[in-house]
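Q: Okay, so here is input_20.txt, and as you'll see once you scroll down, it has compact mmCIF, C-alpha atoms and all ligand atoms.
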# COMPACT_ATOMS: atom_id res chain seq x y z
CA MET A 1 220.64 95.80 128.96
CA GLY A 2 223.94 96.89 127.44
CA THR A 3 224.93 99.00 130.48
CA THR A 4 227.86 101.35 130.15
CA LEU A 5 228.36 101.16 133.94
CA ALA A 6 228.30 104.94 133.88
CA GLY A 7 227.14 105.12 137.50
CA PHE A 8 229.80 102.72 138.81
CA ASP A 9 232.55 104.44 140.78
CA PRO A 10 234.93 101.81 142.14
CA GLN A 11 236.26 104.22 144.80
CA ARG A 12 232.75 104.68 146.16
CA ALA A 13 231.67 101.07 145.72
CA PHE A 14 234.39 99.77 148.05
CA SER A 15 234.36 102.77 150.42
CA LEU A 16 232.97 102.84 153.95
CA ASP A 17 233.10 106.63 153.96
CA GLY A 18 231.21 108.21 156.86
CA SER A 19 229.69 104.91 158.00
CA VAL A 20 229.61 103.80 161.64
CA ALA A 21 231.31 100.44 162.26
CA VAL A 22 231.44 98.30 165.40
CA ILE A 23 234.18 95.65 165.65
CA THR A 24 234.09 93.13 168.52
CA GLY A 25 237.36 91.68 169.75
CA GLY A 26 238.98 94.68 168.08
CA GLY A 27 241.71 94.95 170.70
CA ASN A 28 244.01 92.32 169.22
CA GLY A 29 244.81 90.11 166.23
CA ILE A 30 242.39 90.02 163.32
CA GLY A 31 239.91 92.42 164.94
CA ARG A 32 242.62 95.00 165.48
CA GLY A 33 243.54 94.78 161.77
CA ILE A 34 239.87 95.02 160.75
CA ALA A 35 239.36 98.10 162.96
CA ILE A 36 242.38 99.88 161.48
CA GLY A 37 241.46 98.83 157.93
CA MET A 38 237.81 99.91 158.22
CA ALA A 39 238.91 103.27 159.66
CA ARG A 40 241.24 103.74 156.68
CA ALA A 41 238.34 102.86 154.38
CA GLY A 42 236.44 105.79 155.91
CA ALA A 43 234.42 104.26 158.76
CA ARG A 44 233.93 105.81 162.18
CA VAL A 45 235.15 102.84 164.18
CA HIS A 46 233.97 101.59 167.58
CA VAL A 47 236.36 99.02 169.04
CA LEU A 48 234.73 96.62 171.50
CA ASP A 49 236.85 94.25 173.55
CA ARG A 50 236.59 92.68 176.97
CA ASP A 51 240.21 93.83 177.36
CA SER A 52 239.50 97.55 177.59
CA ARG A 53 243.19 98.48 177.67
CA ALA A 54 243.75 96.70 174.36
CA ALA A 55 240.66 98.37 172.87
CA ASN A 56 241.99 101.76 174.03
CA THR A 57 245.40 101.12 172.50
CA VAL A 58 243.84 100.32 169.11
CA ALA A 59 241.53 103.35 169.24
CA GLU A 60 244.48 105.62 170.08
CA LEU A 61 246.50 104.11 167.23
CA ILE A 62 243.68 104.76 164.76
CA LYS A 63 243.26 108.33 166.00
CA ALA A 64 247.03 108.91 165.74
CA GLN A 65 246.70 107.95 162.05
CA GLY A 66 244.13 110.74 161.64
CA PHE A 67 240.96 108.64 161.70
CA PHE A 68 238.00 108.32 164.09
CA ALA A 69 237.83 105.62 166.78
CA VAL A 70 236.27 105.04 170.19
CA ALA A 71 237.08 102.17 172.57
CA HIS A 72 234.49 100.28 174.63
CA GLY A 73 235.29 97.67 177.30
CA VAL A 74 232.59 95.07 176.60
CA ASP A 75 232.32 91.30 177.00
CA VAL A 76 230.24 90.09 174.03
CA SER A 77 228.66 87.36 176.15
CA ASP A 78 227.27 89.90 178.64
CA GLU A 79 223.77 90.70 177.36
CA SER A 80 223.24 93.93 179.27
CA ALA A 81 226.74 95.26 178.50
CA VAL A 82 226.24 94.53 174.78
CA ASP A 83 222.80 96.18 174.72
CA ALA A 84 224.15 99.23 176.58
CA ALA A 85 227.16 99.61 174.26
CA MET A 86 225.06 99.43 171.07
CA ALA A 87 222.57 101.93 172.55
CA ALA A 88 225.40 104.31 173.54
CA ILE A 89 226.98 104.11 170.06
CA THR A 90 223.61 104.77 168.40
CA SER A 91 222.95 107.65 170.74
CA SER A 92 226.31 109.33 170.00
CA GLU A 93 226.50 108.51 166.26
CA GLY A 94 222.82 108.43 165.30
CA ARG A 95 223.12 104.94 163.81
CA ILE A 96 225.15 101.75 163.39
CA ASP A 97 225.91 100.83 159.76
CA SER A 98 228.05 97.75 160.22
CA LEU A 99 228.89 95.20 162.90
CA VAL A 100 231.86 92.85 162.63
CA ASN A 101 231.43 89.96 165.07
CA ASN A 102 235.07 88.98 165.47
CA ALA A 103 235.57 88.20 169.19
CA GLY A 104 236.27 84.52 169.74
CA LEU A 105 238.26 81.94 171.66
CA ALA A 106 239.23 78.28 171.56
CA ILE A 107 239.87 75.60 174.19
CA ARG A 108 241.71 72.87 172.28
CA ARG A 109 241.28 69.57 174.16
CA PRO A 110 240.37 66.00 173.19
CA SER A 111 236.57 65.71 173.24
CA LEU A 112 236.57 63.00 175.92
CA GLU A 113 238.51 65.31 178.24
CA LEU A 114 236.58 68.51 177.56
CA SER A 115 234.57 69.61 180.59
CA LEU A 116 231.06 71.00 180.30
CA ALA A 117 232.39 74.32 181.64
CA ASP A 118 235.00 74.53 178.86
CA TRP A 119 232.43 73.55 176.21
CA GLU A 120 230.04 76.24 177.43
CA ALA A 121 232.77 78.89 177.76
CA VAL A 122 233.54 78.63 174.03
CA LEU A 123 229.90 78.50 172.89
CA LYS A 124 229.09 81.48 175.11
CA VAL A 125 231.52 83.78 173.31
CA ASN A 126 231.74 82.31 169.79
CA LEU A 127 228.01 81.66 169.27
CA THR A 128 225.93 83.38 171.97
CA GLY A 129 228.14 86.48 171.76
CA VAL A 130 227.57 86.69 168.00
CA PHE A 131 223.81 86.39 168.50
CA LEU A 132 223.70 88.98 171.30
CA CYS A 133 225.72 91.55 169.34
CA ALA A 134 223.81 90.92 166.10
CA ARG A 135 220.46 91.23 167.88
CA ALA A 136 221.45 94.42 169.71
CA ALA A 137 222.88 96.03 166.55
CA ALA A 138 219.92 94.98 164.39
CA ARG A 139 217.49 96.66 166.78
CA HIS A 140 219.21 99.94 165.89
CA MET A 141 219.68 99.12 162.18
CA ILE A 142 216.03 98.19 161.51
CA PRO A 143 214.59 101.73 161.95
CA ASN A 144 217.14 102.93 159.34
CA ARG A 145 216.21 100.03 157.02
CA ARG A 146 219.91 99.28 156.41
CA GLY A 147 222.86 97.59 158.01
CA VAL A 148 225.59 95.04 157.46
CA ILE A 149 226.76 92.27 159.76
CA VAL A 150 229.94 90.28 159.13
CA ASN A 151 230.41 87.25 161.37
CA THR A 152 233.66 85.36 161.89
CA ALA A 153 233.37 81.65 161.27
CA SER A 154 236.43 79.56 160.36
CA ILE A 155 237.43 76.81 157.98
CA MET A 156 236.89 74.75 161.15
CA GLY A 157 233.19 75.56 160.85
CA LEU A 158 233.11 74.04 157.37
CA SER A 159 235.25 70.95 157.85
CA GLY A 160 235.88 68.32 160.50
CA GLY A 161 239.41 69.49 161.14
CA GLY A 162 241.56 66.52 162.09
CA LEU A 163 244.98 67.99 162.85
CA TYR A 164 244.18 68.44 166.56
CA PRO A 165 241.02 68.20 168.68
CA ASN A 166 238.96 71.41 168.94
CA ILE A 167 235.34 70.24 169.21
CA SER A 168 233.72 73.20 170.99
CA TYR A 169 235.39 75.65 168.60
CA GLN A 170 234.42 73.64 165.51
CA SER A 171 230.84 73.30 166.73
CA SER A 172 230.56 77.02 167.49
CA LYS A 173 231.95 78.07 164.10
CA GLY A 174 229.70 75.61 162.23
CA ALA A 175 226.77 77.18 164.08
CA VAL A 176 227.95 80.66 163.08
CA VAL A 177 227.77 79.61 159.40
CA ASN A 178 224.10 78.66 159.74
CA LEU A 179 223.25 81.55 162.08
CA THR A 180 224.58 83.75 159.27
CA ARG A 181 222.26 82.15 156.71
CA ALA A 182 219.22 82.26 159.00
CA LEU A 183 219.67 85.89 160.09
CA ALA A 184 220.33 86.91 156.47
CA VAL A 185 216.98 85.44 155.45
CA GLU A 186 215.11 86.80 158.48
CA TRP A 187 216.46 90.35 158.28
CA ALA A 188 216.67 90.81 154.49
CA ALA A 189 213.27 92.50 154.54
CA HIS A 190 214.76 95.12 156.90
CA GLY A 191 217.62 95.91 154.49
CA ILE A 192 220.19 94.15 156.67
CA ARG A 193 222.80 91.94 155.01
CA VAL A 194 224.45 89.20 157.07
CA ASN A 195 227.58 87.40 155.84
CA ALA A 196 230.52 85.57 157.38
CA ILE A 197 234.18 84.99 156.71
CA ALA A 198 235.85 81.62 157.19
CA PRO A 199 239.58 82.19 157.58
CA THR A 200 242.25 79.54 157.55
CA TRP A 201 244.95 79.77 160.24
CA VAL A 202 245.89 83.45 160.66
CA ARG A 203 249.13 84.56 162.30
CA THR A 204 247.90 86.02 165.64
CA ASP A 205 248.36 85.27 169.36
CA PHE A 206 245.33 82.99 169.04
CA ILE A 207 247.37 80.31 167.26
CA ALA A 208 250.76 81.09 168.84
CA PRO A 209 250.89 77.65 170.56
CA LEU A 210 250.29 75.97 167.19
CA LEU A 211 252.92 78.05 165.39
CA GLN A 212 255.48 76.86 167.94
CA GLN A 213 255.10 73.33 166.50
CA PRO A 214 257.14 73.34 163.25
CA GLU A 215 255.82 69.93 162.14
CA LEU A 216 252.21 71.06 162.53
CA LEU A 217 252.88 74.30 160.64
CA ALA A 218 254.56 72.36 157.84
CA ARG A 219 251.54 70.03 157.59
CA ILE A 220 249.15 72.99 157.43
CA GLN A 221 251.24 74.60 154.69
CA ALA A 222 251.38 71.32 152.76
CA MET A 223 247.58 70.98 153.03
CA THR A 224 247.05 74.52 151.66
CA PRO A 225 247.19 74.99 147.87
CA LEU A 226 248.63 78.51 148.24
CA GLY A 227 251.24 77.01 150.58
CA ARG A 228 251.03 79.34 153.57
CA ILE A 229 248.90 80.42 156.51
CA ALA A 230 247.14 83.80 156.33
CA GLU A 231 248.34 87.14 157.67
CA VAL A 232 245.87 89.61 159.24
CA GLU A 233 246.18 91.74 156.08
CA ASP A 234 244.69 88.85 154.06
CA ILE A 235 241.47 89.07 156.08
CA VAL A 236 240.87 92.83 156.23
CA GLY A 237 240.02 93.44 152.55
CA ALA A 238 237.38 90.69 152.53
CA VAL A 239 235.62 92.25 155.52
CA ILE A 240 235.72 95.71 153.95
CA TYR A 241 234.27 94.26 150.74
CA LEU A 242 231.40 92.52 152.56
CA ALA A 243 230.65 95.71 154.54
CA SER A 244 230.79 97.93 151.45
CA PRO A 245 228.17 98.86 148.82
CA ALA A 246 230.08 96.64 146.37
CA ALA A 247 228.53 93.63 148.17
CA ALA A 248 224.97 95.02 148.06
CA MET A 249 223.59 91.76 146.58
CA VAL A 250 225.61 89.41 148.82
CA THR A 251 223.87 88.02 151.90
CA GLY A 252 223.82 84.70 153.78
CA HIS A 253 227.24 83.87 152.35
CA THR A 254 230.32 82.54 154.13
CA LEU A 255 233.48 83.61 152.32
CA ALA A 256 236.43 81.27 152.78
CA ILE A 257 239.77 83.06 153.04
CA ASP A 258 241.82 79.94 153.09
CA GLY A 259 244.38 79.75 150.30
CA GLY A 260 242.25 77.03 148.67
CA PHE A 261 242.16 74.74 151.74
CA LEU A 262 238.45 73.93 151.38
CA ALA A 263 238.57 73.73 147.57
CA GLN A 264 240.35 70.37 147.64
P1 LIG B 301 243.05 86.95 169.23
O1 LIG B 301 243.04 86.07 170.43
O2 LIG B 301 244.34 87.45 168.68
O3 LIG B 301 242.10 88.20 169.49
C1 LIG B 301 240.80 88.01 169.97
C2 LIG B 301 240.31 89.28 170.61
O4 LIG B 301 238.97 89.03 171.06
C3 LIG B 301 241.13 89.68 171.84
O5 LIG B 301 241.38 91.08 171.82
C4 LIG B 301 240.22 89.31 173.00
O6 LIG B 301 240.39 90.13 174.16
C5 LIG B 301 238.84 89.50 172.38
N1 LIG B 301 237.82 88.74 173.07
C6 LIG B 301 237.84 87.43 173.41
N2 LIG B 301 236.73 87.11 174.07
C7 LIG B 301 235.97 88.23 174.14
C8 LIG B 301 234.72 88.54 174.70
N3 LIG B 301 234.01 87.61 175.38
N4 LIG B 301 234.24 89.79 174.57
C9 LIG B 301 234.95 90.74 173.92
N5 LIG B 301 236.15 90.52 173.39
C10 LIG B 301 236.66 89.27 173.49
O7 LIG B 301 242.26 86.10 168.11
P2 LIG B 301 242.23 86.29 166.52
O8 LIG B 301 243.15 85.32 165.92
O9 LIG B 301 242.34 87.71 166.18
O10 LIG B 301 240.75 85.76 166.22
C11 LIG B 301 239.69 86.63 165.95
C12 LIG B 301 238.52 85.81 165.42
O11 LIG B 301 238.93 85.13 164.25
C13 LIG B 301 237.99 84.75 166.38
O12 LIG B 301 236.59 84.66 166.25
C14 LIG B 301 238.63 83.49 165.87
O13 LIG B 301 237.88 82.34 166.19
C15 LIG B 301 238.63 83.76 164.38
N6 LIG B 301 239.58 82.98 163.62
C16 LIG B 301 240.91 83.04 163.93
C17 LIG B 301 241.80 82.27 163.18
C18 LIG B 301 243.28 82.29 163.47
O14 LIG B 301 243.96 81.36 163.04
N7 LIG B 301 243.82 83.29 164.16
C19 LIG B 301 241.32 81.46 162.14
C20 LIG B 301 239.97 81.44 161.86
C21 LIG B 301 239.09 82.20 162.60
Now, as a test, write the supplied structure out as structure tokens.

A:
Amino acid sequence: MGTTLAGFDPQRAFSLDGSVAVITGGGNGIGRGIAIGMARAGARVHVLDRDSRAANTVAELIKAQGFFAVAHGVDVSDESAVDAAMAAITSSEGRIDSLVNNAGLAIRRPSLELSLADWEAVLKVNLTGVFLCARAAARHMIPNRRGVIVNTASIMGLSGGGLYPNISYQSSKGAVVNLTRALAVEWAAHGIRVNAIAPTWVRTDFIAPLLQQPELLARIQAMTPLGRIAEVEDIVGAVIYLASPAAAMVTGHTLAIDGGFLAQ
């Protein structure tokens, strides 16, 4: 009762100092920003991407800024490649403290025209890839009795969308929200926290085709209380917070980063 908060050091609470972080899809867009941001917050960053050149570029950029980074060419939907990468990181670093499951893709087609192959291609990366990486990382976190996983859902995993058809993406992201809750409950006893972020539209290559439609962009802005789409910088701080000691009591949560979109 009546704490003076004497032991609370905000610098330390939000720091990732000396921790080992793995970011999937870290070669481009949001993942690239998260990798750079986590490195600046003190983490030893491992950038995983199926585009190994892109992963290398990001790792070199982080190192040029004076921080630690290693690139790994890994497809998150390839079980043996994921298991091998997490084992190699644990063997070189001694542990994995945080995993950011960011890799993802979308195939935006009307549901009646979406082939089974396209449906499965999206689920394989956005849902199965998240499970495979979480499972592989958790196997190394459990002996240390600590770890943090941050998954990437979307506002499309918490609403029915409606501006354009995107059924496999929406289904996968909705599943990520509940996978996050279920893993959080299952692994809490092992000291592992599992949370997710649910961003609104973020200015990356991923939505470049949408940004080329001024009417669509105007509608999105009009539907967003804060009146704009997000920039990568808007996402990075939330991930650092969820990975940091400041969020020690937060698990099973999906944090909307959406300018109030879902609050309406
Ligand atoms: P992006 O296309 O700019 O970057 C995605 C990165 O993931 C790329 O480097 C790509 O090579 C990598 N990747 C894709 N499939 C992979 C796989 N199988 N294995 C390993 N790496 C793989 O996309 P982004 O906008 O940065 O999106 C990142 C995440 O954020 C995705 O999960 C996406 O669904 C989510 N998201 C994006 C937005 C947005 O508007 N940009 C909004 C909400 C959620």

Q: For ligand LIG 301 (chain B), return the neighbouring residues as an mmCIF file with C-alpha atoms, in the frame of the given file (distance at most 6 Å; all atoms listed in the file).

A:
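So part_28.cif came out as:
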data_model
loop_
_atom_site.group_PDB
_atom_site.id
_atom_site.type_symbol
_atom_site.label_atom_id
_atom_site.label_comp_id
_atom_site.auth_asym_id
_atom_site.auth_seq_id
_atom_site.Cartn_x
_atom_site.Cartn_y
_atom_site.Cartn_z
ATOM 1 C CA THR A 24 234.090 93.130 168.520
ATOM 2 C CA GLY A 25 237.360 91.680 169.750
ATOM 3 C CA GLY A 26 238.980 94.680 168.080
ATOM 4 C CA GLY A 27 241.710 94.950 170.700
ATOM 5 C CA ASN A 28 244.010 92.320 169.220
ATOM 6 C CA GLY A 29 244.810 90.110 166.230
ATOM 7 C CA ILE A 30 242.390 90.020 163.320
ATOM 8 C CA GLY A 31 239.910 92.420 164.940
ATOM 9 C CA ASP A 49 236.850 94.250 173.550
ATOM 10 C CA ARG A 50 236.590 92.680 176.970
ATOM 11 C CA ASP A 51 240.210 93.830 177.360
ATOM 12 C CA VAL A 74 232.590 95.070 176.600
ATOM 13 C CA ASP A 75 232.320 91.300 177.000
ATOM 14 C CA VAL A 76 230.240 90.090 174.030
ATOM 15 C CA SER A 77 228.660 87.360 176.150
ATOM 16 C CA ASN A 102 235.070 88.980 165.470
ATOM 17 C CA ALA A 103 235.570 88.200 169.190
ATOM 18 C CA GLY A 104 236.270 84.520 169.740
ATOM 19 C CA LEU A 105 238.260 81.940 171.660
ATOM 20 C CA VAL A 125 231.520 83.780 173.310
ATOM 21 C CA THR A 152 233.660 85.360 161.890
ATOM 22 C CA ALA A 153 233.370 81.650 161.270
ATOM 23 C CA SER A 154 236.430 79.560 160.360
ATOM 24 C CA PRO A 199 239.580 82.190 157.580
ATOM 25 C CA THR A 200 242.250 79.540 157.550
ATOM 26 C CA TRP A 201 244.950 79.770 160.240
ATOM 27 C CA VAL A 202 245.890 83.450 160.660
ATOM 28 C CA ARG A 203 249.130 84.560 162.300
ATOM 29 C CA THR A 204 247.900 86.020 165.640
ATOM 30 C CA ASP A 205 248.360 85.270 169.360
ATOM 31 C CA PHE A 206 245.330 82.990 169.040
ATOM 32 C CA ILE A 207 247.370 80.310 167.260
#

Q: A:Ala137: which residues within 8 Å, counting all atoms listed in the file, same-chain residues fewer than 6 positions away excluded, as a list in words?

A: Met86, Ile96 and Leu99 of chain A

Q: For each of A:Ile229, A:Val236, A:Val100, A:Leu114, take the minimum atom-to-atom distance to A:Gly147, counting all atoms listed in the file, then give the residue where this is smallest.

A: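 When distances to A:Gly147 are compared using all atoms listed in the file, the smallest one comes from A:Val100.
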
Q: Could you tell me how far atom CA of A:Arg181 sits from atom CA of A:Ala256, in Å to one decimal place?

A: 14.7 Å

Q: Nearest to A:Gly42: which of A:Thr90, A:Ile62, A:Ser19, A:Met141 is it, counting all atoms listed in the file?

A: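 Counting all atoms listed in the file, the residue closest to A:Gly42 is A:Ser19.
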
Q: In Å, rounded to a single decimal, give me how far atom CA of A:Gln212 is from atom CA of A:Ala175.

A: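 For atom CA of A:Ala175 relative to atom CA of A:Gln212, the distance reads 29.0 Å.
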
Q: With all atoms listed in the file as the atoms that count, which of A:Pro10, A:Gly37, A:Gly18, A:Gly252 lies nearest to A:Glu186?

A: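 Using all atoms listed in the file, the shortest distance to A:Glu186 belongs to A:Gly252.
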
Q: Would you write out, as CSV, a table of all residues in stretch 72-115 of chain A that have an atom no more than 9 Å from an atom of stretch 156-168 of chain A, listing for each the closest atom pair and the distance in Å to one decimal, considering only C-alpha atoms and ordering rows by chain and rising residue number?

A:
residue,atom,partner,partner_atom,distance
A:Ala106,CA,A:Asn166,CA,7.4
A:Ile107,CA,A:Asn166,CA,6.8
A:Arg108,CA,A:Asn166,CA,4.6
A:Arg109,CA,A:Pro165,CA,5.7
A:Pro110,CA,A:Pro165,CA,5.1
A:Ser111,CA,A:Ile167,CA,6.2
A:Leu114,CA,A:Ser168,CA,8.6

Q: Please, which residues are within 8 Å of (233.4, 101.7, 150.3) by the file's coordinates, counting only C-alpha atoms, and could they come as an MDAnalysis selection string?

A: chainID A and resid 11:17 41:42 240:241 243:246

Q: Between atom CA of A:Arg219 and atom CA of A:Ala263, what is the distance, to one decimal in Å?

A: 16.8 Å

Q: Please list, as a PyMOL selection string, the residues that have an atom at most 12 Å away from (239.3, 101.9, 172.6) in the coordinates of this file, counting only C-alpha atoms.

A: chain A and resi 22-28+32+35-36+45-63+68-74

Q: Using only C-alpha atoms, please write the residues we just selected to a file, as an mmCIF file, in the frame of the given file.

A:
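What follows is the written file result38.cif:
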data_model
loop_
_atom_site.group_PDB
_atom_site.id
_atom_site.type_symbol
_atom_site.label_atom_id
_atom_site.label_comp_id
_atom_site.auth_asym_id
_atom_site.auth_seq_id
_atom_site.Cartn_x
_atom_site.Cartn_y
_atom_site.Cartn_z
ATOM 1 C CA VAL A 22 231.440 98.300 165.400
ATOM 2 C CA ILE A 23 234.180 95.650 165.650
ATOM 3 C CA THR A 24 234.090 93.130 168.520
ATOM 4 C CA GLY A 25 237.360 91.680 169.750
ATOM 5 C CA GLY A 26 238.980 94.680 168.080
ATOM 6 C CA GLY A 27 241.710 94.950 170.700
ATOM 7 C CA ASN A 28 244.010 92.320 169.220
ATOM 8 C CA ARG A 32 242.620 95.000 165.480
ATOM 9 C CA ALA A 35 239.360 98.100 162.960
ATOM 10 C CA ILE A 36 242.380 99.880 161.480
ATOM 11 C CA VAL A 45 235.150 102.840 164.180
ATOM 12 C CA HIS A 46 233.970 101.590 167.580
ATOM 13 C CA VAL A 47 236.360 99.020 169.040
ATOM 14 C CA LEU A 48 234.730 96.620 171.500
ATOM 15 C CA ASP A 49 236.850 94.250 173.550
ATOM 16 C CA ARG A 50 236.590 92.680 176.970
ATOM 17 C CA ASP A 51 240.210 93.830 177.360
ATOM 18 C CA SER A 52 239.500 97.550 177.590
ATOM 19 C CA ARG A 53 243.190 98.480 177.670
ATOM 20 C CA ALA A 54 243.750 96.700 174.360
ATOM 21 C CA ALA A 55 240.660 98.370 172.870
ATOM 22 C CA ASN A 56 241.990 101.760 174.030
ATOM 23 C CA THR A 57 245.400 101.120 172.500
ATOM 24 C CA VAL A 58 243.840 100.320 169.110
ATOM 25 C CA ALA A 59 241.530 103.350 169.240
ATOM 26 C CA GLU A 60 244.480 105.620 170.080
ATOM 27 C CA LEU A 61 246.500 104.110 167.230
ATOM 28 C CA ILE A 62 243.680 104.760 164.760
ATOM 29 C CA LYS A 63 243.260 108.330 166.000
ATOM 30 C CA PHE A 68 238.000 108.320 164.090
ATOM 31 C CA ALA A 69 237.830 105.620 166.780
ATOM 32 C CA VAL A 70 236.270 105.040 170.190
ATOM 33 C CA ALA A 71 237.080 102.170 172.570
ATOM 34 C CA HIS A 72 234.490 100.280 174.630
ATOM 35 C CA GLY A 73 235.290 97.670 177.300
ATOM 36 C CA VAL A 74 232.590 95.070 176.600
#

Q: Residues near A:Gln221, anyone? I mean within 12 Å using all atoms listed in the file, not counting same-chain ones fewer than 4 positions away, as a CSV table (one decimal) with C-alpha atoms, keeping the file's coordinate frame.

A:
chain,number,residue,atom,x,y,z
A,200,THR,CA,242.2,79.5,157.6
A,201,TRP,CA,245.0,79.8,160.2
A,202,VAL,CA,245.9,83.4,160.7
A,211,LEU,CA,252.9,78.0,165.4
A,214,PRO,CA,257.1,73.3,163.2
A,215,GLU,CA,255.8,69.9,162.1
A,216,LEU,CA,252.2,71.1,162.5
A,217,LEU,CA,252.9,74.3,160.6
A,225,PRO,CA,247.2,75.0,147.9
A,226,LEU,CA,248.6,78.5,148.2
A,227,GLY,CA,251.2,77.0,150.6
A,228,ARG,CA,251.0,79.3,153.6
A,229,ILE,CA,248.9,80.4,156.5
A,230,ALA,CA,247.1,83.8,156.3
A,258,ASP,CA,241.8,79.9,153.1
A,259,GLY,CA,244.4,79.8,150.3
A,260,GLY,CA,242.2,77.0,148.7
A,261,PHE,CA,242.2,74.7,151.7

Q: Return as JSON the box centre and box size in Å, one decimal, for an axis-aligned box around all listed atoms of stretch 93-106 of chain A padded by 3 Å per side.

A:
{"center_x": 231.0, "center_y": 93.4, "center_z": 165.7, "size_x": 22.4, "size_y": 36.2, "size_z": 17.9}

Q: Which polymer residues have any atom within 6 Å of an atom of A:Ala196, counting all atoms listed in the file, with same-chain residues fewer than 4 positions away left out, as a compact mmCIF listing (two decimals) with C-alpha atoms, in the coordinates of the input?

A:
# COMPACT_ATOMS: atom_id res chain seq x y z
CA VAL A 150 229.94 90.28 159.13
CA ASN A 151 230.41 87.25 161.37
CA THR A 152 233.66 85.36 161.89
CA THR A 254 230.32 82.54 154.13

Q: With only C-alpha atoms as the atoms that count, which of A:Gly94, A:Ala6, A:Ala64, A:Val250 lies nearest to A:His140?

A: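 The shortest atom-to-atom distance to A:His140 comes from A:Gly94.
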
Q: For A:Glu93, which of A:Ser172, A:Ala222, A:Asp9, A:Val20 is the closest residue, counting all atoms listed in the file?

A: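 Result for the nearest residue to A:Glu93: A:Val20.
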
Q: Kindly reconstruct stretch 240-251 of chain A with N, CA, C and O atoms and present the result as a CSV table (one decimal), in the frame of the given file.

A:
chain,number,residue,atom,x,y,z
A,240,ILE,N,236.1,94.4,154.5
A,240,ILE,CA,235.7,95.7,154.0
A,240,ILE,C,234.8,95.5,152.7
A,240,ILE,O,233.8,96.2,152.6
A,241,TYR,N,235.1,94.6,151.9
A,241,TYR,CA,234.3,94.3,150.7
A,241,TYR,C,232.8,93.9,151.2
A,241,TYR,O,231.9,94.5,150.7
A,242,LEU,N,232.7,93.0,152.1
A,242,LEU,CA,231.4,92.5,152.6
A,242,LEU,C,230.6,93.6,153.2
A,242,LEU,O,229.4,93.7,153.1
A,243,ALA,N,231.3,94.6,153.9
A,243,ALA,CA,230.6,95.7,154.5
A,243,ALA,C,230.3,96.8,153.6
A,243,ALA,O,229.5,97.7,153.9
A,244,SER,N,230.9,96.8,152.4
A,244,SER,CA,230.8,97.9,151.4
A,244,SER,C,229.6,97.8,150.5
A,244,SER,O,229.0,96.7,150.3
A,245,PRO,N,229.2,98.9,149.8
A,245,PRO,CA,228.2,98.9,148.8
A,245,PRO,C,228.5,97.9,147.7
A,245,PRO,O,227.5,97.4,147.0
A,246,ALA,N,229.7,97.6,147.5
A,246,ALA,CA,230.1,96.6,146.4
A,246,ALA,C,229.4,95.3,146.6
A,246,ALA,O,229.2,94.5,145.6
A,247,ALA,N,229.1,94.9,147.8
A,247,ALA,CA,228.5,93.6,148.2
A,247,ALA,C,227.0,93.7,148.4
A,247,ALA,O,226.4,92.9,149.1
A,248,ALA,N,226.4,94.7,147.8
A,248,ALA,CA,225.0,95.0,148.1
A,248,ALA,C,224.1,93.8,147.8
A,248,ALA,O,223.0,93.7,148.4
A,249,MET,N,224.5,92.9,146.9
A,249,MET,CA,223.6,91.8,146.6
A,249,MET,C,224.1,90.5,147.3
A,249,MET,O,223.5,89.4,147.0
A,250,VAL,N,225.0,90.6,148.2
A,250,VAL,CA,225.6,89.4,148.8
A,250,VAL,C,225.1,89.3,150.2
A,250,VAL,O,225.3,90.2,151.1
A,251,THR,N,224.3,88.2,150.5
A,251,THR,CA,223.9,88.0,151.9
A,251,THR,C,223.7,86.5,152.2
A,251,THR,O,223.4,85.8,151.2
